[in-house]
Amino acid sequence: MDVGIASVKVSGKGNYTGEAKGSFKIDALSIKDAKVTLGDALTYNGSEQTQEVKSVVVKSGGKEVTVPLDSLEITGNKATQADTYTMTLAAKENSNFADSVTKEYSVAQNSGFAAAKVTLSKASFTYNGKAQKPSVKSVVLNGKTLINGTDYTANVASGKKVGTYSVTVTAKGSYTGKATASFVINPKGVTKFKVSKAKKSFKAKWAKSKTERSGVQLKYSTKKSMANAKTVKAKGASAKAKTVKKLKKKTKYYVQVRAYKVVNGKTYYSGWSKVKTVKTK
């Protein structure tokens, strides 16, 4: 029965005849103490989202009455950033309900930040005896480029020795978690590289280096393209020459060298030198 004035008529029977009429008032049912049940919780995704209201229930005369959602004007139920918000549910005018009720809801921080792709301004450096480090060029999550200072902060420690260094990006604002990237410092290239011929062999020489080097790797081939090249190593930081034997006589060889450094079981290489040629005796 709707809100308003309702009438009642009583008709006599048995020993009575005639009828009596009366009326009574039906007041709107207040929703200020209603129980509001929300839909699935929201998680930040970069777009505006609407918090669903599943049901609004109010007690009347010891019974629960479900309030039709189309009887309500709902405001404050749209949000974008991760935070806590308050929506208001107000009874529409001329409905069977009165007053209003508020309900808090939240947009949770996005916990998928660890999957973000961190791009550095430079991924590799060459050892120079000085501290070196890149900057964070971009952080992208699900196709969205995040904003430094708003969505994350970056901690970039510098490196000096040959090895791998980690960069940690920590989420903030509407994101939570951490993402990482890394950069490497490789050995300095070999200098003063020379090659001389010998009988069915050749000898490669280069400048000795005592810093950030475990040895020198040689690559040689009978083809200018270095196809099917073979490699050998001259081990030791102080190594400055290597003789390659058991070669074909009177054959032209193309030779390159590069420095290497072993750190915690991982080998780091410099770039290859320019190609030198030699013809065996």
# chains A, B, ... in the order shown; residues from 1 in each chain; ligands from 1
$ residues_around --residues "A:Trp206" --least-positions-apart "6" --cutoff "8 Å" --atoms "only C-alpha atoms" --output "JSON, numbers by chain"
{"A": [190, 191, 192, 193, 194, 240, 241]}
$ atom_distance --atom1 "atom CA of A:Gly61" --atom2 "atom CA of A:Ala34"
13.8 Å
$ closest_residue --among "A:Asn148, A:Ser124, A:Gln81, A:Asn15" --to "A:Tyr165" --atoms "only C-alpha atoms"
A:Ser124
$ residues_around --residues "A:Ala41" --least-positions-apart "2" --cutoff "9 Å" --atoms "only C-alpha atoms" --output "number ranges by chain"
A: 38-39, 43, 51-52, 105-108
$ write_last_selection --atoms "N, CA, C and O atoms" --output "PDB file, in the first residue's frame"
ATOM      1  N   LEU A  38      26.755  -3.715  -0.695  1.00  0.00           N
ATOM      2  CA  LEU A  38      27.409  -3.310  -1.941  1.00  0.00           C
ATOM      3  C   LEU A  38      27.827  -4.515  -2.775  1.00  0.00           C
ATOM      4  O   LEU A  38      27.931  -5.638  -2.277  1.00  0.00           O
ATOM      5  N   GLY A  39      28.111  -4.251  -4.046  1.00  0.00           N
ATOM      6  CA  GLY A  39      28.594  -5.292  -4.950  1.00  0.00           C
ATOM      7  C   GLY A  39      30.086  -5.513  -4.766  1.00  0.00           C
ATOM      8  O   GLY A  39      30.655  -5.183  -3.722  1.00  0.00           O
ATOM      9  N   THR A  43      38.982  -2.057  -7.448  1.00  0.00           N
ATOM     10  CA  THR A  43      40.442  -1.933  -7.436  1.00  0.00           C
ATOM     11  C   THR A  43      40.852  -0.935  -8.503  1.00  0.00           C
ATOM     12  O   THR A  43      40.325  -0.962  -9.622  1.00  0.00           O
ATOM     13  N   GLN A  51      30.568   2.115  -7.998  1.00  0.00           N
ATOM     14  CA  GLN A  51      30.335   1.102  -6.971  1.00  0.00           C
ATOM     15  C   GLN A  51      28.885   0.634  -7.025  1.00  0.00           C
ATOM     16  O   GLN A  51      27.952   1.422  -6.878  1.00  0.00           O
ATOM     17  N   GLU A  52      28.693  -0.660  -7.246  1.00  0.00           N
ATOM     18  CA  GLU A  52      27.352  -1.231  -7.348  1.00  0.00           C
ATOM     19  C   GLU A  52      26.696  -1.334  -5.973  1.00  0.00           C
ATOM     20  O   GLU A  52      27.347  -1.671  -4.988  1.00  0.00           O
ATOM     21  N   TYR A 105      32.651   3.228   0.869  1.00  0.00           N
ATOM     22  CA  TYR A 105      33.228   2.191   0.010  1.00  0.00           C
ATOM     23  C   TYR A 105      34.641   2.623  -0.350  1.00  0.00           C
ATOM     24  O   TYR A 105      35.023   3.787  -0.153  1.00  0.00           O
ATOM     25  N   SER A 106      35.411   1.717  -0.876  1.00  0.00           N
ATOM     26  CA  SER A 106      36.806   2.027  -1.185  1.00  0.00           C
ATOM     27  C   SER A 106      37.188   1.562  -2.580  1.00  0.00           C
ATOM     28  O   SER A 106      36.623   0.603  -3.120  1.00  0.00           O
ATOM     29  N   VAL A 107      38.169   2.265  -3.142  1.00  0.00           N
ATOM     30  CA  VAL A 107      38.866   1.803  -4.337  1.00  0.00           C
ATOM     31  C   VAL A 107      40.248   1.374  -3.843  1.00  0.00           C
ATOM     32  O   VAL A 107      41.019   2.202  -3.356  1.00  0.00           O
ATOM     33  N   ALA A 108      40.514   0.085  -3.915  1.00  0.00           N
ATOM     34  CA  ALA A 108      41.766  -0.443  -3.373  1.00  0.00           C
ATOM     35  C   ALA A 108      42.943  -0.116  -4.281  1.00  0.00           C
ATOM     36  O   ALA A 108      42.783   0.061  -5.491  1.00  0.00           O
TER      37      ALA A 108
END
$ select_by_dssp --residues "stretch 4-175 of chain A" --states "strand (DSSP E)" --output "ChimeraX atom specification"
/A:4-11,19-26,29-30,35-38,42-43,49-50,53-60,63-66,72-75,78-79,83-91,97-98,100-108,117-120,124-126,136-141,144-145,152-156,163-171
$ residues_around --residues "A:Lys223" --least-positions-apart "6" --cutoff "9 Å" --atoms "only C-alpha atoms" --output "list in words"
Ala229, Lys252, Tyr253 and Tyr254 of chain A
$ residues_around --residues "A:Thr222" --least-positions-apart "6" --cutoff "12 Å" --atoms "only C-alpha atoms" --output "PyMOL selection string"
chain A and resi 228-230+247-255+275-280
$ write_last_selection --atoms "all heavy atoms" --output "compact mmCIF listing (two decimals), in the first residue's frame"
# COMPACT_ATOMS: atom_id res chain seq x y z
N ASN A 228 81.55 -19.40 -38.53
CA ASN A 228 82.20 -20.61 -38.01
C ASN A 228 83.47 -20.30 -37.23
O ASN A 228 84.43 -21.07 -37.24
CB ASN A 228 82.51 -21.59 -39.15
CG ASN A 228 81.27 -22.00 -39.92
OD1 ASN A 228 80.23 -22.29 -39.34
ND2 ASN A 228 81.36 -22.01 -41.25
N ALA A 229 83.50 -19.15 -36.59
CA ALA A 229 84.68 -18.74 -35.83
C ALA A 229 84.89 -19.63 -34.61
O ALA A 229 83.95 -20.16 -34.03
CB ALA A 229 84.54 -17.29 -35.40
N LYS A 230 86.15 -19.79 -34.25
CA LYS A 230 86.51 -20.53 -33.05
C LYS A 230 87.00 -19.53 -32.01
O LYS A 230 87.47 -18.44 -32.34
CB LYS A 230 87.60 -21.55 -33.36
CG LYS A 230 87.14 -22.65 -34.29
CD LYS A 230 88.26 -23.67 -34.52
CE LYS A 230 87.80 -24.80 -35.44
NZ LYS A 230 88.88 -25.79 -35.68
N LEU A 247 97.11 -24.62 -36.86
CA LEU A 247 96.31 -24.01 -37.93
C LEU A 247 96.79 -24.48 -39.29
O LEU A 247 97.83 -25.14 -39.41
CB LEU A 247 96.39 -22.49 -37.82
CG LEU A 247 95.95 -21.87 -36.49
CD1 LEU A 247 96.18 -20.37 -36.53
CD2 LEU A 247 94.50 -22.19 -36.19
N LYS A 248 96.06 -24.13 -40.32
CA LYS A 248 96.46 -24.45 -41.68
C LYS A 248 97.61 -23.53 -42.09
O LYS A 248 97.62 -22.35 -41.76
CB LYS A 248 95.29 -24.28 -42.64
CG LYS A 248 94.13 -25.23 -42.39
CD LYS A 248 92.99 -24.95 -43.35
CE LYS A 248 91.81 -25.88 -43.11
NZ LYS A 248 90.68 -25.60 -44.04
N LYS A 249 98.58 -24.07 -42.82
CA LYS A 249 99.68 -23.24 -43.26
C LYS A 249 99.27 -22.35 -44.42
O LYS A 249 98.37 -22.68 -45.20
CB LYS A 249 100.88 -24.11 -43.66
CG LYS A 249 100.65 -25.01 -44.87
CD LYS A 249 101.91 -25.80 -45.18
CE LYS A 249 101.68 -26.70 -46.41
NZ LYS A 249 102.92 -27.47 -46.76
N LYS A 250 99.93 -21.21 -44.49
CA LYS A 250 99.71 -20.24 -45.55
C LYS A 250 98.22 -19.92 -45.74
O LYS A 250 97.71 -19.86 -46.86
CB LYS A 250 100.32 -20.73 -46.86
CG LYS A 250 101.83 -20.87 -46.80
CD LYS A 250 102.41 -21.32 -48.13
CE LYS A 250 103.94 -21.45 -48.03
NZ LYS A 250 104.54 -21.89 -49.32
N THR A 251 97.56 -19.74 -44.63
CA THR A 251 96.11 -19.46 -44.66
C THR A 251 95.86 -18.12 -43.96
O THR A 251 96.43 -17.83 -42.91
CB THR A 251 95.32 -20.56 -43.95
OG1 THR A 251 95.57 -21.80 -44.60
CG2 THR A 251 93.83 -20.27 -43.98
N LYS A 252 94.94 -17.35 -44.55
CA LYS A 252 94.60 -16.04 -43.98
C LYS A 252 93.53 -16.22 -42.90
O LYS A 252 92.50 -16.87 -43.12
CB LYS A 252 94.09 -15.12 -45.07
CG LYS A 252 93.81 -13.69 -44.62
CD LYS A 252 93.38 -12.83 -45.79
CE LYS A 252 93.16 -11.38 -45.37
NZ LYS A 252 92.75 -10.53 -46.53
N TYR A 253 93.78 -15.59 -41.77
CA TYR A 253 92.84 -15.65 -40.66
C TYR A 253 92.40 -14.24 -40.25
O TYR A 253 93.20 -13.29 -40.29
CB TYR A 253 93.44 -16.36 -39.45
CG TYR A 253 93.54 -17.86 -39.61
CD1 TYR A 253 94.67 -18.44 -40.19
CD2 TYR A 253 92.50 -18.69 -39.19
CE1 TYR A 253 94.76 -19.81 -40.35
CE2 TYR A 253 92.58 -20.07 -39.34
CZ TYR A 253 93.71 -20.62 -39.93
OH TYR A 253 93.80 -21.99 -40.10
N TYR A 254 91.16 -14.15 -39.87
CA TYR A 254 90.59 -12.90 -39.33
C TYR A 254 90.49 -13.08 -37.82
O TYR A 254 89.95 -14.10 -37.34
CB TYR A 254 89.23 -12.63 -39.95
CG TYR A 254 89.28 -12.44 -41.46
CD1 TYR A 254 89.22 -13.54 -42.32
CD2 TYR A 254 89.41 -11.17 -42.00
CE1 TYR A 254 89.29 -13.36 -43.70
CE2 TYR A 254 89.46 -10.97 -43.38
CZ TYR A 254 89.40 -12.08 -44.21
OH TYR A 254 89.47 -11.89 -45.59
N VAL A 255 90.98 -12.10 -37.07
CA VAL A 255 91.09 -12.27 -35.62
C VAL A 255 90.50 -11.05 -34.89
O VAL A 255 90.72 -9.90 -35.29
CB VAL A 255 92.56 -12.45 -35.20
CG1 VAL A 255 92.65 -12.80 -33.70
CG2 VAL A 255 93.25 -13.51 -36.04
N VAL A 275 88.72 -6.05 -36.48
CA VAL A 275 89.29 -7.28 -37.03
C VAL A 275 90.72 -7.02 -37.53
O VAL A 275 91.00 -6.05 -38.22
CB VAL A 275 88.44 -7.82 -38.18
CG1 VAL A 275 89.08 -9.03 -38.83
CG2 VAL A 275 87.04 -8.16 -37.69
N LYS A 276 91.61 -7.93 -37.13
CA LYS A 276 92.97 -7.93 -37.65
C LYS A 276 93.15 -9.18 -38.53
O LYS A 276 92.50 -10.22 -38.29
CB LYS A 276 94.00 -8.00 -36.51
CG LYS A 276 93.94 -6.82 -35.55
CD LYS A 276 94.57 -5.58 -36.14
CE LYS A 276 94.65 -4.47 -35.11
NZ LYS A 276 95.29 -3.23 -35.64
N THR A 277 94.00 -9.10 -39.53
CA THR A 277 94.23 -10.24 -40.40
C THR A 277 95.70 -10.70 -40.31
O THR A 277 96.60 -9.89 -40.05
CB THR A 277 93.92 -9.92 -41.87
OG1 THR A 277 94.72 -8.82 -42.30
CG2 THR A 277 92.44 -9.59 -42.04
N VAL A 278 95.88 -11.98 -40.47
CA VAL A 278 97.21 -12.56 -40.44
C VAL A 278 97.24 -13.79 -41.32
O VAL A 278 96.25 -14.53 -41.42
CB VAL A 278 97.61 -12.93 -38.99
CG1 VAL A 278 96.69 -13.98 -38.42
CG2 VAL A 278 99.07 -13.36 -38.91
N LYS A 279 98.36 -14.04 -42.00
CA LYS A 279 98.51 -15.23 -42.85
C LYS A 279 99.60 -16.10 -42.25
O LYS A 279 100.76 -15.67 -42.09
CB LYS A 279 98.86 -14.82 -44.27
CG LYS A 279 98.84 -16.00 -45.24
CD LYS A 279 99.02 -15.50 -46.68
CE LYS A 279 98.94 -16.66 -47.65
NZ LYS A 279 99.14 -16.19 -49.06
N THR A 280 99.24 -17.31 -41.92
CA THR A 280 100.20 -18.22 -41.31
C THR A 280 101.32 -18.61 -42.29
O THR A 280 101.14 -18.54 -43.50
CB THR A 280 99.50 -19.49 -40.83
OG1 THR A 280 98.83 -20.11 -41.92
CG2 THR A 280 98.48 -19.17 -39.73
$ residues_around --residues "stretch 84-100 of chain A" --least-positions-apart "3" --cutoff "12 Å" --atoms "only C-alpha atoms" --output "PyMOL selection string"
chain A and resi 1-4+26-38+41-44+50-53+55-58+60+65-81+103-109+174
$ residues_around --residues "stretch 261-266 of chain A" --least-positions-apart "3" --cutoff "7 Å" --atoms "only C-alpha atoms" --output "list of chain:residue names"
A:Gly163, A:Pro187, A:Glu212, A:Arg213, A:Ser214, A:Gly215, A:Tyr269
$ closest_residue --among "A:Tyr268, A:Thr17, A:Thr145, A:Phe183" --to "A:Lys122" --atoms "only C-alpha atoms"
A:Phe183
$ atom_distance --atom1 "atom CA of A:Ala239" --atom2 "atom CA of A:Lys160"
22.8 Å
$ closest_residue --among "A:Ser166, A:Thr176, A:Asn128, A:Ser196" --to "A:Thr211" --atoms "only C-alpha atoms"
A:Asn128
$ closest_residue --among "A:Phe202, A:Phe113, A:Trp272, A:Tyr152" --to "A:Arg258" --atoms "only C-alpha atoms"
A:Trp272
$ atom_distance --atom1 "atom CA of A:Val118" --atom2 "atom CA of A:Val162"
21.9 Å
